file my_file_24.pdb (PDB, C-alpha atoms and all ligand atoms)
MODEL        1
ATOM      1  CA  MET A 206     156.837  67.615 119.750  1.00  0.00           C
ATOM      2  CA  PHE A 207     153.885  69.956 119.577  1.00  0.00           C
ATOM      3  CA  GLN A 208     154.268  73.413 121.117  1.00  0.00           C
ATOM      4  CA  LEU A 209     151.794  75.951 122.451  1.00  0.00           C
ATOM      5  CA  PRO A 210     151.132  78.552 119.728  1.00  0.00           C
ATOM      6  CA  ASN A 211     151.499  82.186 120.788  1.00  0.00           C
ATOM      7  CA  LEU A 212     148.342  84.252 120.811  1.00  0.00           C
ATOM      8  CA  LYS A 213     148.045  87.144 118.331  1.00  0.00           C
ATOM      9  CA  TYR A 214     146.910  89.399 121.212  1.00  0.00           C
ATOM     10  CA  GLU A 215     147.488  89.875 124.941  1.00  0.00           C
ATOM     11  CA  TYR A 216     145.438  88.013 127.546  1.00  0.00           C
ATOM     12  CA  LYS A 217     143.639  91.241 128.460  1.00  0.00           C
ATOM     13  CA  ALA A 218     142.999  92.299 124.848  1.00  0.00           C
ATOM     14  CA  LEU A 219     139.514  90.761 124.572  1.00  0.00           C
ATOM     15  CA  GLU A 220     138.127  92.455 127.683  1.00  0.00           C
ATOM     16  CA  PRO A 221     135.423  93.088 128.649  1.00  0.00           C
ATOM     17  CA  PHE A 222     134.066  90.205 126.534  1.00  0.00           C
ATOM     18  CA  VAL A 223     136.614  87.589 127.622  1.00  0.00           C
ATOM     19  CA  ASP A 224     138.476  88.422 130.830  1.00  0.00           C
ATOM     20  CA  ALA A 225     142.262  88.280 131.137  1.00  0.00           C
ATOM     21  CA  LYS A 226     142.316  85.645 133.897  1.00  0.00           C
ATOM     22  CA  THR A 227     140.150  83.249 131.895  1.00  0.00           C
ATOM     23  CA  MET A 228     142.339  83.789 128.821  1.00  0.00           C
ATOM     24  CA  GLU A 229     145.535  83.194 130.803  1.00  0.00           C
ATOM     25  CA  ILE A 230     144.328  79.985 132.449  1.00  0.00           C
ATOM     26  CA  HIS A 231     142.664  78.746 129.260  1.00  0.00           C
ATOM     27  CA  HIS A 232     145.769  79.255 127.123  1.00  0.00           C
ATOM     28  CA  SER A 233     148.672  78.621 129.516  1.00  0.00           C
ATOM     29  CA  LYS A 234     147.094  75.805 131.552  1.00  0.00           C
ATOM     30  CA  HIS A 235     144.297  74.102 129.602  1.00  0.00           C
ATOM     31  CA  HIS A 236     145.677  74.367 126.056  1.00  0.00           C
ATOM     32  CA  GLN A 237     149.221  73.651 127.290  1.00  0.00           C
ATOM     33  CA  GLY A 238     147.842  70.648 129.178  1.00  0.00           C
ATOM     34  CA  TYR A 239     146.372  69.086 126.032  1.00  0.00           C
ATOM     35  CA  ILE A 240     149.709  69.561 124.244  1.00  0.00           C
ATOM     36  CA  ASN A 241     151.699  68.016 127.101  1.00  0.00           C
ATOM     37  CA  LYS A 242     149.448  64.964 127.230  1.00  0.00           C
ATOM     38  CA  LEU A 243     149.453  64.572 123.446  1.00  0.00           C
ATOM     39  CA  ASN A 244     153.264  64.724 123.365  1.00  0.00           C
ATOM     40  CA  ALA A 245     153.485  62.174 126.180  1.00  0.00           C
ATOM     41  CA  ALA A 246     151.132  59.804 124.350  1.00  0.00           C
ATOM     42  CA  LEU A 247     153.178  60.078 121.134  1.00  0.00           C
ATOM     43  CA  GLU A 248     156.511  59.345 122.853  1.00  0.00           C
ATOM     44  CA  SER A 249     156.401  55.619 122.186  1.00  0.00           C
ATOM     45  CA  ASN A 250     155.102  55.777 118.600  1.00  0.00           C
ATOM     46  CA  THR A 251     157.637  57.010 116.038  1.00  0.00           C
ATOM     47  CA  GLN A 252     155.196  56.489 113.137  1.00  0.00           C
ATOM     48  CA  ALA A 253     152.639  58.794 114.732  1.00  0.00           C
ATOM     49  CA  GLN A 254     155.322  61.364 115.572  1.00  0.00           C
ATOM     50  CA  ASN A 255     155.869  62.025 111.862  1.00  0.00           C
ATOM     51  CA  LEU A 256     152.269  63.095 111.271  1.00  0.00           C
ATOM     52  CA  SER A 257     150.828  66.593 111.430  1.00  0.00           C
ATOM     53  CA  LEU A 258     148.103  67.328 113.951  1.00  0.00           C
ATOM     54  CA  LYS A 259     145.445  67.169 111.244  1.00  0.00           C
ATOM     55  CA  GLU A 260     146.834  63.877 109.925  1.00  0.00           C
ATOM     56  CA  LEU A 261     146.799  62.412 113.448  1.00  0.00           C
ATOM     57  CA  LEU A 262     143.127  63.352 113.873  1.00  0.00           C
ATOM     58  CA  LEU A 263     142.168  61.975 110.446  1.00  0.00           C
ATOM     59  CA  GLN A 264     144.106  58.734 110.992  1.00  0.00           C
ATOM     60  CA  LYS A 265     143.423  58.183 114.692  1.00  0.00           C
ATOM     61  CA  ASP A 266     141.459  54.965 114.067  1.00  0.00           C
ATOM     62  CA  SER A 267     144.610  53.293 112.727  1.00  0.00           C
ATOM     63  CA  PHE A 268     146.346  53.420 116.119  1.00  0.00           C
ATOM     64  CA  ASP A 269     145.953  51.234 119.187  1.00  0.00           C
ATOM     65  CA  PRO A 270     143.021  52.115 121.461  1.00  0.00           C
ATOM     66  CA  SER A 271     144.987  54.077 124.060  1.00  0.00           C
ATOM     67  CA  LEU A 272     146.806  56.216 121.485  1.00  0.00           C
ATOM     68  CA  LYS A 273     143.571  56.673 119.537  1.00  0.00           C
ATOM     69  CA  THR A 274     141.858  57.980 122.685  1.00  0.00           C
ATOM     70  CA  ALA A 275     144.792  60.291 123.453  1.00  0.00           C
ATOM     71  CA  ILE A 276     144.690  61.730 119.920  1.00  0.00           C
ATOM     72  CA  GLN A 277     140.924  62.177 120.125  1.00  0.00           C
ATOM     73  CA  ASN A 278     141.034  63.957 123.497  1.00  0.00           C
ATOM     74  CA  HIS A 279     144.385  65.748 123.601  1.00  0.00           C
ATOM     75  CA  GLY A 280     145.052  66.090 119.860  1.00  0.00           C
ATOM     76  CA  GLY A 281     141.491  67.309 119.485  1.00  0.00           C
ATOM     77  CA  GLY A 282     142.019  69.659 122.420  1.00  0.00           C
ATOM     78  CA  HIS A 283     145.150  71.102 120.784  1.00  0.00           C
ATOM     79  CA  TYR A 284     143.468  71.512 117.372  1.00  0.00           C
ATOM     80  CA  ASN A 285     140.233  72.967 118.761  1.00  0.00           C
ATOM     81  CA  HIS A 286     141.933  75.514 121.017  1.00  0.00           C
ATOM     82  CA  THR A 287     144.353  76.615 118.296  1.00  0.00           C
ATOM     83  CA  LEU A 288     141.393  77.393 116.038  1.00  0.00           C
ATOM     84  CA  PHE A 289     139.352  78.995 118.831  1.00  0.00           C
ATOM     85  CA  PHE A 290     142.050  81.437 119.973  1.00  0.00           C
ATOM     86  CA  ASP A 291     142.926  82.259 116.362  1.00  0.00           C
ATOM     87  CA  ILE A 292     139.414  83.389 115.358  1.00  0.00           C
ATOM     88  CA  MET A 293     139.044  85.885 118.209  1.00  0.00           C
ATOM     89  CA  SER A 294     140.450  89.389 117.903  1.00  0.00           C
ATOM     90  CA  PRO A 295     140.332  92.741 119.715  1.00  0.00           C
ATOM     91  CA  ASN A 296     139.759  94.229 116.218  1.00  0.00           C
ATOM     92  CA  PRO A 297     137.441  91.762 114.470  1.00  0.00           C
ATOM     93  CA  GLY A 298     137.367  91.963 110.668  1.00  0.00           C
ATOM     94  CA  GLN A 299     134.594  91.351 108.161  1.00  0.00           C
ATOM     95  CA  ALA A 300     133.711  88.201 106.250  1.00  0.00           C
ATOM     96  CA  SER A 301     134.917  87.973 102.646  1.00  0.00           C
ATOM     97  CA  LYS A 302     132.364  88.269  99.839  1.00  0.00           C
ATOM     98  CA  GLU A 303     132.949  84.593  99.055  1.00  0.00           C
ATOM     99  CA  LEU A 304     132.085  83.496 102.603  1.00  0.00           C
ATOM    100  CA  LYS A 305     129.104  85.860 102.799  1.00  0.00           C
ATOM    101  CA  ASP A 306     127.736  84.405  99.560  1.00  0.00           C
ATOM    102  CA  GLN A 307     128.178  80.821 100.799  1.00  0.00           C
ATOM    103  CA  ILE A 308     126.437  81.652 104.109  1.00  0.00           C
ATOM    104  CA  SER A 309     123.506  83.219 102.201  1.00  0.00           C
ATOM    105  CA  LYS A 310     123.299  80.133 100.004  1.00  0.00           C
ATOM    106  CA  ASP A 311     123.362  77.587 102.840  1.00  0.00           C
ATOM    107  CA  PHE A 312     121.474  79.437 105.607  1.00  0.00           C
ATOM    108  CA  GLY A 313     119.377  82.039 103.776  1.00  0.00           C
ATOM    109  CA  SER A 314     121.046  84.863 105.675  1.00  0.00           C
ATOM    110  CA  HIS A 315     123.890  85.701 108.055  1.00  0.00           C
ATOM    111  CA  ASP A 316     121.354  86.191 110.864  1.00  0.00           C
ATOM    112  CA  ASN A 317     119.881  82.722 110.320  1.00  0.00           C
ATOM    113  CA  MET A 318     123.357  81.192 110.530  1.00  0.00           C
ATOM    114  CA  VAL A 319     124.154  83.113 113.735  1.00  0.00           C
ATOM    115  CA  GLU A 320     120.851  82.038 115.285  1.00  0.00           C
ATOM    116  CA  GLU A 321     121.442  78.375 114.445  1.00  0.00           C
ATOM    117  CA  PHE A 322     125.023  78.582 115.766  1.00  0.00           C
ATOM    118  CA  PHE A 323     123.869  80.324 118.943  1.00  0.00           C
ATOM    119  CA  ASN A 324     121.204  77.693 119.603  1.00  0.00           C
ATOM    120  CA  ALA A 325     123.697  74.889 118.984  1.00  0.00           C
ATOM    121  CA  ALA A 326     126.244  76.409 121.383  1.00  0.00           C
ATOM    122  CA  ALA A 327     123.606  77.046 124.046  1.00  0.00           C
ATOM    123  CA  SER A 328     122.277  73.480 123.831  1.00  0.00           C
ATOM    124  CA  VAL A 329     125.512  71.467 124.009  1.00  0.00           C
ATOM    125  CA  PHE A 330     124.888  69.210 126.998  1.00  0.00           C
ATOM    126  CA  GLY A 331     127.927  69.094 129.277  1.00  0.00           C
ATOM    127  CA  SER A 332     131.345  69.913 127.846  1.00  0.00           C
ATOM    128  CA  GLY A 333     131.839  70.374 124.131  1.00  0.00           C
ATOM    129  CA  TRP A 334     131.881  72.662 121.129  1.00  0.00           C
ATOM    130  CA  ALA A 335     129.617  74.204 118.522  1.00  0.00           C
ATOM    131  CA  TRP A 336     130.990  74.761 115.028  1.00  0.00           C
ATOM    132  CA  LEU A 337     130.537  76.291 111.631  1.00  0.00           C
ATOM    133  CA  VAL A 338     131.833  73.529 109.358  1.00  0.00           C
ATOM    134  CA  LYS A 339     132.527  73.078 105.645  1.00  0.00           C
ATOM    135  CA  ASP A 340     131.988  69.750 103.878  1.00  0.00           C
ATOM    136  CA  ASN A 341     134.002  68.395 100.945  1.00  0.00           C
ATOM    137  CA  GLU A 342     131.777  70.257  98.468  1.00  0.00           C
ATOM    138  CA  GLY A 343     132.236  73.577 100.297  1.00  0.00           C
ATOM    139  CA  LYS A 344     128.742  73.540 101.794  1.00  0.00           C
ATOM    140  CA  LEU A 345     128.465  75.094 105.259  1.00  0.00           C
ATOM    141  CA  SER A 346     126.495  73.794 108.237  1.00  0.00           C
ATOM    142  CA  ILE A 347     126.358  74.008 112.026  1.00  0.00           C
ATOM    143  CA  ALA A 348     127.661  71.088 114.093  1.00  0.00           C
ATOM    144  CA  LYS A 349     128.098  70.144 117.731  1.00  0.00           C
ATOM    145  CA  THR A 350     130.702  67.836 119.274  1.00  0.00           C
ATOM    146  CA  ALA A 351     131.170  66.460 122.790  1.00  0.00           C
ATOM    147  CA  ASN A 352     134.331  66.766 124.869  1.00  0.00           C
ATOM    148  CA  GLN A 353     137.301  67.545 122.568  1.00  0.00           C
ATOM    149  CA  ASP A 354     135.933  65.637 119.584  1.00  0.00           C
ATOM    150  CA  ASN A 355     136.494  67.378 116.279  1.00  0.00           C
ATOM    151  CA  PRO A 356     134.318  67.526 113.133  1.00  0.00           C
ATOM    152  CA  LEU A 357     137.293  66.367 111.020  1.00  0.00           C
ATOM    153  CA  SER A 358     136.404  62.808 112.000  1.00  0.00           C
ATOM    154  CA  LYS A 359     133.048  63.277 110.231  1.00  0.00           C
ATOM    155  CA  ASP A 360     134.574  64.653 106.999  1.00  0.00           C
ATOM    156  CA  GLN A 361     133.759  68.206 108.023  1.00  0.00           C
ATOM    157  CA  THR A 362     136.352  70.965 108.316  1.00  0.00           C
ATOM    158  CA  PRO A 363     135.701  73.392 111.166  1.00  0.00           C
ATOM    159  CA  ILE A 364     136.194  77.027 110.122  1.00  0.00           C
ATOM    160  CA  MET A 365     134.737  78.621 113.272  1.00  0.00           C
ATOM    161  CA  GLY A 366     133.857  77.236 116.690  1.00  0.00           C
ATOM    162  CA  ILE A 367     133.146  78.072 120.293  1.00  0.00           C
ATOM    163  CA  ASP A 368     134.414  76.253 123.367  1.00  0.00           C
ATOM    164  CA  VAL A 369     131.483  75.771 125.753  1.00  0.00           C
ATOM    165  CA  TRP A 370     133.396  73.881 128.432  1.00  0.00           C
ATOM    166  CA  GLU A 371     132.791  75.720 131.699  1.00  0.00           C
ATOM    167  CA  HIS A 372     136.525  76.519 131.963  1.00  0.00           C
ATOM    168  CA  ALA A 373     136.004  78.846 128.960  1.00  0.00           C
ATOM    169  CA  TYR A 374     133.564  81.147 130.728  1.00  0.00           C
ATOM    170  CA  TYR A 375     132.753  80.271 134.336  1.00  0.00           C
ATOM    171  CA  LEU A 376     135.021  82.839 136.054  1.00  0.00           C
ATOM    172  CA  LYS A 377     133.170  85.737 134.420  1.00  0.00           C
ATOM    173  CA  TYR A 378     129.792  84.365 133.341  1.00  0.00           C
ATOM    174  CA  GLN A 379     129.140  81.524 135.831  1.00  0.00           C
ATOM    175  CA  ASN A 380     125.993  79.679 134.685  1.00  0.00           C
ATOM    176  CA  LEU A 381     125.100  82.304 132.049  1.00  0.00           C
ATOM    177  CA  ARG A 382     126.416  80.492 128.978  1.00  0.00           C
ATOM    178  CA  PRO A 383     124.229  82.532 126.558  1.00  0.00           C
ATOM    179  CA  GLU A 384     125.932  85.747 127.779  1.00  0.00           C
ATOM    180  CA  TYR A 385     129.308  84.183 127.054  1.00  0.00           C
ATOM    181  CA  ILE A 386     128.198  83.113 123.565  1.00  0.00           C
ATOM    182  CA  LYS A 387     127.070  86.692 122.839  1.00  0.00           C
ATOM    183  CA  ALA A 388     130.428  87.993 124.104  1.00  0.00           C
ATOM    184  CA  PHE A 389     132.283  85.525 121.867  1.00  0.00           C
ATOM    185  CA  MET A 390     130.314  86.752 118.838  1.00  0.00           C
ATOM    186  CA  SER A 391     131.494  90.302 119.679  1.00  0.00           C
ATOM    187  CA  VAL A 392     135.172  89.356 119.332  1.00  0.00           C
ATOM    188  CA  LEU A 393     134.751  86.852 116.507  1.00  0.00           C
ATOM    189  CA  ASP A 394     137.057  87.788 113.624  1.00  0.00           C
ATOM    190  CA  TRP A 395     135.175  86.958 110.412  1.00  0.00           C
ATOM    191  CA  GLU A 396     138.269  87.915 108.411  1.00  0.00           C
ATOM    192  CA  GLN A 397     140.143  84.973 109.966  1.00  0.00           C
ATOM    193  CA  VAL A 398     137.097  82.707 109.541  1.00  0.00           C
ATOM    194  CA  SER A 399     137.098  83.698 105.848  1.00  0.00           C
ATOM    195  CA  LYS A 400     140.754  82.601 105.586  1.00  0.00           C
ATOM    196  CA  ASN A 401     139.841  79.261 107.191  1.00  0.00           C
ATOM    197  CA  PHE A 402     136.980  78.920 104.708  1.00  0.00           C
ATOM    198  CA  ASN A 403     139.331  79.431 101.745  1.00  0.00           C
ATOM    199  CA  GLU A 404     141.952  76.904 102.941  1.00  0.00           C
TER     200      GLU A 404
HETATM  201 MN    MN B 501     138.857  75.039 126.483  1.00  0.00          MN
ENDMDL
END
call {"tool": "encode", "arguments": {"input": "my_file_24.pdb", "output": "structure tokens"}}
result
Amino acid sequence: MFQLPNLKYEYKALEPFVDAKTMEIHHSKHHQGYINKLNAALESNTQAQNLSLKELLLQKDSFDPSLKTAIQNHGGGHYNHTLFFDIMSPNPGQASKELKDQISKDFGSHDNMVEEFFNAAASVFGSGWAWLVKDNEGKLSIAKTANQDNPLSKDQTPIMGIDVWEHAYYLKYQNLRPEYIKAFMSVLDWEQVSKNFNE
């Protein structure tokens, strides 16, 4: 049975960038909802119950269509939100030298990477995510996914990502998604992203 991870900070800790009400609903209702539905879908499959969340996402095609869809949507939702909440901080840290060097190599500069990420996040049509992903050779790139799909299914490991579903920002930012993306960048903890990069 999967359980809702605790946040490393209080719901109000990311204000004024992310408001407490949005954080509370996002974590305690939306993220919890994905976990509840994933657990319900796994109830009848003892083989799947023995797998980690990452293993479920990587092996989803081996299950029957309804379980595969549940893993894609609700397993993806659990994975994506765990990463998303983990890379935000009221006291964001700096990127490691190793990550900075890789970003310079693959994007030319940190600013270029941020611009490409920003444009990706702003242009997701409908509900989805924008990501900074690492391929099997350690090369970084920007990716977009729809709904709760996850880059793991394309052999890319997400190390940073933003939720651009309206539930992530509508209470405070309404239709102004670019303002929300800017706010997210203000609380983005590059120290945690660096840890994800090294894993
Ligand atoms: Mn969300």
call {"tool": "atom_distance", "arguments": {"input": "my_file_24.pdb", "atom1": "atom CA of A:Asn352", "atom2": "atom CA of A:Gly281"}}
result
9.0 Å
call {"tool": "resolve_selection", "arguments": {"input": "my_file_24.pdb", "expression": "the PyMOL selection byres (((chain A and resi 359) around 12) and not hetatm)", "output": "list of chain:residue names"}}
result
A:Leu262, A:Leu263, A:Gln264, A:Val338, A:Lys339, A:Asp340, A:Asn341, A:Ala348, A:Lys349, A:Thr350, A:Asp354, A:Asn355, A:Pro356, A:Leu357, A:Ser358, A:Asp360, A:Gln361, A:Thr362, A:Pro363
call {"tool": "write_last_selection", "arguments": {"input": "my_file_24.pdb", "atoms": "C-alpha atoms", "output": "mmCIF file, in the coordinates of the input"}}
result
data_model
loop_
_atom_site.group_PDB
_atom_site.id
_atom_site.type_symbol
_atom_site.label_atom_id
_atom_site.label_comp_id
_atom_site.auth_asym_id
_atom_site.auth_seq_id
_atom_site.Cartn_x
_atom_site.Cartn_y
_atom_site.Cartn_z
ATOM 1 C CA LEU A 262 143.127 63.352 113.873
ATOM 2 C CA LEU A 263 142.168 61.975 110.446
ATOM 3 C CA GLN A 264 144.106 58.734 110.992
ATOM 4 C CA VAL A 338 131.833 73.529 109.358
ATOM 5 C CA LYS A 339 132.527 73.078 105.645
ATOM 6 C CA ASP A 340 131.988 69.750 103.878
ATOM 7 C CA ASN A 341 134.002 68.395 100.945
ATOM 8 C CA ALA A 348 127.661 71.088 114.093
ATOM 9 C CA LYS A 349 128.098 70.144 117.731
ATOM 10 C CA THR A 350 130.702 67.836 119.274
ATOM 11 C CA ASP A 354 135.933 65.637 119.584
ATOM 12 C CA ASN A 355 136.494 67.378 116.279
ATOM 13 C CA PRO A 356 134.318 67.526 113.133
ATOM 14 C CA LEU A 357 137.293 66.367 111.020
ATOM 15 C CA SER A 358 136.404 62.808 112.000
ATOM 16 C CA ASP A 360 134.574 64.653 106.999
ATOM 17 C CA GLN A 361 133.759 68.206 108.023
ATOM 18 C CA THR A 362 136.352 70.965 108.316
ATOM 19 C CA PRO A 363 135.701 73.392 111.166
#
call {"tool": "closest_atom_pairs", "arguments": {"input": "my_file_24.pdb", "of": "chain A", "to": "ligand MN 501 (chain B)", "cutoff": "7 Å", "atoms": "all atoms listed in the file", "output": "Markdown table"}}
result
| residue | atom | partner | partner_atom | distance |
| --- | --- | --- | --- | --- |
| A:His231 | CA | B:MN501 | MN | 6.0 |
| A:His235 | CA | B:MN501 | MN | 6.3 |
| A:His236 | CA | B:MN501 | MN | 6.9 |
| A:His286 | CA | B:MN501 | MN | 6.3 |
| A:Asp368 | CA | B:MN501 | MN | 5.6 |
| A:Trp370 | CA | B:MN501 | MN | 5.9 |
| A:His372 | CA | B:MN501 | MN | 6.1 |
| A:Ala373 | CA | B:MN501 | MN | 5.4 |
call {"tool": "resolve_selection", "arguments": {"input": "my_file_24.pdb", "expression": "the PyMOL selection byres (((chain A and resi 293-301) around 9) and not hetatm)", "output": "MDAnalysis selection string"}}
result
chainID A and resid 213:214 218:220 289:292 302:306 389:400
call {"tool": "atom_distance", "arguments": {"input": "my_file_24.pdb", "atom1": "atom CA of A:Ser267", "atom2": "atom CA of A:Asn241"}}
result
21.8 Å
call {"tool": "atom_distance", "arguments": {"input": "my_file_24.pdb", "atom1": "atom CA of A:Glu404", "atom2": "atom CA of A:Phe312"}}
result
20.8 Å
call {"tool": "closest_residue", "arguments": {"input": "my_file_24.pdb", "among": "A:Ser271, A:Gln353, A:Asn403, A:Ser309", "to": "A:Ala245", "atoms": "only C-alpha atoms"}}
result
A:Ser271
call {"tool": "resolve_selection", "arguments": {"input": "my_file_24.pdb", "expression": "the PyMOL selection byres (((chain A and resi 386) around 9) and not hetatm)", "output": "VMD selection string"}}
result
chain A and resid 323 326 to 327 367 369 382 to 385 387 to 391
call {"tool": "closest_residue", "arguments": {"input": "my_file_24.pdb", "among": "A:Ser249, A:Gln254, A:Gln208, A:Leu243", "to": "A:Thr274", "atoms": "only C-alpha atoms"}}
result
A:Leu243
call {"tool": "closest_residue", "arguments": {"input": "my_file_24.pdb", "among": "A:Leu381, A:Ala325, A:Leu212, A:Ile308", "to": "A:Leu345", "atoms": "all atoms listed in the file"}}
result
A:Ile308
call {"tool": "residues_around", "arguments": {"input": "my_file_24.pdb", "residues": "A:Met228", "least_positions_apart": "3", "cutoff": "9 Å", "atoms": "all atoms listed in the file", "output": "list in words"}}
result
Glu215, Tyr216, Lys217, Leu219, Val223, Asp224, Ala225, His231, His232, Ser233 and Ala373 of chain A
call {"tool": "closest_residue", "arguments": {"input": "my_file_24.pdb", "among": "A:Leu337, A:Leu256, A:Leu261, A:Leu376", "to": "A:Gln307", "atoms": "all atoms listed in the file"}}
result
A:Leu337
call {"tool": "closest_residue", "arguments": {"input": "my_file_24.pdb", "among": "A:Phe330, A:Tyr374, A:Tyr239, A:Tyr284", "to": "A:Glu260", "atoms": "all atoms listed in the file"}}
result
A:Tyr284
call {"tool": "closest_residue", "arguments": {"input": "my_file_24.pdb", "among": "A:Ala335, A:Leu209, A:Ala351, A:Ile230", "to": "A:Gln277", "atoms": "all atoms listed in the file"}}
result
A:Ala351
call {"tool": "decode", "arguments": {"input": "my_file_24.pdb", "residues": "stretch 244-251 of chain A", "atoms": "all heavy atoms", "output": "PDB file, in the first residue's frame"}}
result
ATOM      1  N   ASN A 244      -3.781   2.391  -5.111  1.00  0.00           N
ATOM      2  CA  ASN A 244      -3.896   1.268  -4.172  1.00  0.00           C
ATOM      3  C   ASN A 244      -5.112   0.410  -4.500  1.00  0.00           C
ATOM      4  O   ASN A 244      -5.039  -0.820  -4.466  1.00  0.00           O
ATOM      5  CB  ASN A 244      -3.994   1.792  -2.740  1.00  0.00           C
ATOM      6  CG  ASN A 244      -2.646   2.277  -2.212  1.00  0.00           C
ATOM      7  OD1 ASN A 244      -1.592   1.847  -2.676  1.00  0.00           O
ATOM      8  ND2 ASN A 244      -2.688   3.186  -1.243  1.00  0.00           N
ATOM      9  N   ALA A 245      -6.212   1.047  -4.840  1.00  0.00           N
ATOM     10  CA  ALA A 245      -7.434   0.297  -5.181  1.00  0.00           C
ATOM     11  C   ALA A 245      -7.210  -0.555  -6.424  1.00  0.00           C
ATOM     12  O   ALA A 245      -7.632  -1.716  -6.484  1.00  0.00           O
ATOM     13  CB  ALA A 245      -8.596   1.268  -5.390  1.00  0.00           C
ATOM     14  N   ALA A 246      -6.501   0.001  -7.405  1.00  0.00           N
ATOM     15  CA  ALA A 246      -6.265  -0.731  -8.657  1.00  0.00           C
ATOM     16  C   ALA A 246      -5.337  -1.927  -8.434  1.00  0.00           C
ATOM     17  O   ALA A 246      -5.426  -2.932  -9.141  1.00  0.00           O
ATOM     18  CB  ALA A 246      -5.667   0.210  -9.704  1.00  0.00           C
ATOM     19  N   LEU A 247      -4.439  -1.814  -7.444  1.00  0.00           N
ATOM     20  CA  LEU A 247      -3.461  -2.880  -7.199  1.00  0.00           C
ATOM     21  C   LEU A 247      -4.019  -4.001  -6.321  1.00  0.00           C
ATOM     22  O   LEU A 247      -3.397  -5.057  -6.187  1.00  0.00           O
ATOM     23  CB  LEU A 247      -2.208  -2.296  -6.512  1.00  0.00           C
ATOM     24  CG  LEU A 247      -1.342  -1.376  -7.383  1.00  0.00           C
ATOM     25  CD1 LEU A 247      -0.286  -0.691  -6.540  1.00  0.00           C
ATOM     26  CD2 LEU A 247      -0.701  -2.154  -8.522  1.00  0.00           C
ATOM     27  N   GLU A 248      -5.197  -3.780  -5.730  1.00  0.00           N
ATOM     28  CA  GLU A 248      -5.754  -4.726  -4.763  1.00  0.00           C
ATOM     29  C   GLU A 248      -5.837  -6.151  -5.294  1.00  0.00           C
ATOM     30  O   GLU A 248      -5.566  -7.106  -4.578  1.00  0.00           O
ATOM     31  CB  GLU A 248      -7.157  -4.266  -4.327  1.00  0.00           C
ATOM     32  CG  GLU A 248      -7.239  -3.930  -2.865  1.00  0.00           C
ATOM     33  CD  GLU A 248      -8.526  -3.189  -2.544  1.00  0.00           C
ATOM     34  OE1 GLU A 248      -9.551  -3.460  -3.193  1.00  0.00           O
ATOM     35  OE2 GLU A 248      -8.480  -2.329  -1.642  1.00  0.00           O
ATOM     36  N   SER A 249      -6.193  -6.287  -6.562  1.00  0.00           N
ATOM     37  CA  SER A 249      -6.438  -7.624  -7.103  1.00  0.00           C
ATOM     38  C   SER A 249      -5.213  -8.223  -7.784  1.00  0.00           C
ATOM     39  O   SER A 249      -5.295  -9.303  -8.363  1.00  0.00           O
ATOM     40  CB  SER A 249      -7.596  -7.556  -8.103  1.00  0.00           C
ATOM     41  OG  SER A 249      -7.246  -6.664  -9.143  1.00  0.00           O
ATOM     42  N   ASN A 250      -4.069  -7.547  -7.729  1.00  0.00           N
ATOM     43  CA  ASN A 250      -2.890  -8.052  -8.443  1.00  0.00           C
ATOM     44  C   ASN A 250      -1.687  -8.166  -7.506  1.00  0.00           C
ATOM     45  O   ASN A 250      -0.967  -7.198  -7.277  1.00  0.00           O
ATOM     46  CB  ASN A 250      -2.568  -7.139  -9.643  1.00  0.00           C
ATOM     47  CG  ASN A 250      -1.549  -7.776 -10.580  1.00  0.00           C
ATOM     48  OD1 ASN A 250      -0.516  -8.262 -10.133  1.00  0.00           O
ATOM     49  ND2 ASN A 250      -1.850  -7.784 -11.872  1.00  0.00           N
ATOM     50  N   THR A 251      -1.479  -9.363  -6.959  1.00  0.00           N
ATOM     51  CA  THR A 251      -0.418  -9.549  -5.961  1.00  0.00           C
ATOM     52  C   THR A 251       0.969  -9.386  -6.574  1.00  0.00           C
ATOM     53  O   THR A 251       1.896  -8.940  -5.901  1.00  0.00           O
ATOM     54  CB  THR A 251      -0.517 -10.945  -5.300  1.00  0.00           C
ATOM     55  OG1 THR A 251      -0.673 -11.919  -6.322  1.00  0.00           O
ATOM     56  CG2 THR A 251      -1.680 -11.002  -4.343  1.00  0.00           C
TER      57      THR A 251
END
